[in-house]
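J.: Take a look at the following structure, please.
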Number of protein chains: 2
Amino acid sequence: MIDEDVMFNLLGNETRRMILKMLSLGPCYTTEIAEKLNIGQKAINEHMRLLQEAGIVDLYVQKQSRGSPRKYFKINKRIRLEFAMGPYSYTTVSNDALDADISELPDEFPEFKEIMKEVNKARKIKEISMLSKTLGNLRIEHERLTKAKEYVESMIGHVKLQCINVCDEMGLDDSEKRLVLELIGAGGKLSIGDLSDRLKVDENEITDSLKKLKVKGIIKS
Amino acid sequence: MIDEDVMFNLLGNETRRMILKMLSLGPCYTTEIAEKLNIGQKAINEHMRLLQEAGIVDLYVQKQSRGSPRKYFKINKRIRLEFAMGPYSYTTVSNDALDADISELPDEFPEFKEIMKEVNKARKIKEISMLSKTLGNLRIEHERLTKAKEYVESMIGHVKLQCINVCDEMGLDDSEKRLVLELIGAGGKLSIGDLSDRLKVDENEITDSLKKLKVKGIIKS
């Protein structure tokens with residue numbers, strides 16, 4: 001599993017983003033990358049080292065019909081990184097995977113039955129124009145899901161705002177409010193240690209605030 | 001609209017990620033941030049300047065019952081950044097928005113009818129435990145959508161792989177293959193200028209390759 005922080009740090013550099021974009025169109029060798037991006041080989045080598053260390057890029061050597069063998073780089077898995085933030089929310093999701101087996105549809109997505117059939121047919125098709133059409137349909141579905149997520153995030157925003165309003169009406173102070181938000185944001189499954197870590201407040205203070213919130217009837221133990 | 005590159009650059013720094021996480025639990029003032037993160041005020045000020053410049057953090061001054069007024073920072077909108085990459089794909093999505101009006105359900109999401117009703121009820125509820133339950137349901141829906149997107153991305157991966165196979169069978173070279181992938185990835189809506197820009201290849205070369213692909217019957221004009 002790719003570490004989220006490592007991924008954010010890697011993507012924080014524009015050259016690395018350009019390198020990854022290039023590699024996403026197929027394997028490349030160092031000189032090729034250096035020339036196309038107009039950046040010195042030494043700098044490219046350093047970026048490639050970091051990408052390899054993170055485990056997202058592989059190196060392999062390929063013999064050439066003429067001249068010495070070349071070192072090629074390629075992206076070795078699918079990686080997703082999602083960041084969503086608002087006045088009262090902050091979530092990140094990261095995962096990496098090989099392409100999933102799509103021949104059996106998970107029960108939770110009955111809506112994909114038709115497109116899955118189309119995709120499984122497409123995998124035997126030899127015509128680029130047909131494949132391109134299927135990709136277009138997948139892209140439409142992908143955009144719909146993105147919008148759906150935004151809609152759900154908006155709903156989360158509205159409910160959280162209501163939580164803040166309730167906290168304000170009950171006269172909670174800032175640190176109590178943050179504690180309540182953190183607790184409900186995580187579905188209440190946090191230890192005192194977790195809370196101390198996330199809120200950067202020491203454990204005794206957390207314990208005190210939790211006691212007060214219990215007295216006020218806002219949380220149960 | 002937030003610039004994607006700006007967003008990646010901002011999130012590439014761990015301290016800035018920690019600052020945003022803190023602000024997502026409510027407004028904070030500089031000394032508070034500096035103390036909790038154990039980082040000098042000067043460094044914090046520089047980070048805050050960048051976040052303000054990018055337009056994702058606002059500054060406001062609040063009078064204190066004792067002492068001089070304090071400068072508070074707060075996150076001013078919802079921001080999403082998505083990154084998905086694979087051996088033959090690279091996509092990023094970024095957007096920012098205020099919370100959408102959720103009282104009217106868009107036609108494309110009939111599946112949200114029940115949860116929307118629950119959310120609209122929740123917005124009048126004064127009990128944290130009830131709000132927390134609704135948030136839990138929204139979180140489940142959110143996770144389902146994330147998985148759905150991964151599934152669709154897997155399907156895209158399989159279809160793209162088939163495209164590569166077809167290109168290989170037709171004996172296309174690397175640069176022709178990249179051109180085909182870029183074209184089908186974008187749904188064919190790219191000008192020669194766009195292609196030259198994305199593939200870092202000059203326009204004449206692109207024009208030549210497109211001609212060859214036309215002769216081979218892979219693309220139409």
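Labels for the structure tokens follow display order: chains A, B, ..., residues from 1 in each chain, ligands from 1.
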Could you tell me which residues of chain B sit within 6 Å of chain A when counting only C-alpha atoms, and give me the result as a count of residues only?
T.: 32
J.: As a ChimeraX atom specification, which residues of chain A does DSSP assign to strand (DSSP E or B)?
T.: /A:28-29,57-62,70-75,78-86,89-97
J.: Rounded to one decimal place, report the CA of Lys71 in chain B-CA of Thr31 in chain B distance in Å.
T.: 9.5 Å
J.: With distances taken over only C-alpha atoms, which residue among A:Arg16, A:Asp173, A:Ser65, A:Tyr60 lies nearest Met48 in chain A?
T.: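 Counting only C-alpha atoms, the residue closest to Met48 in chain A is A:Arg16.
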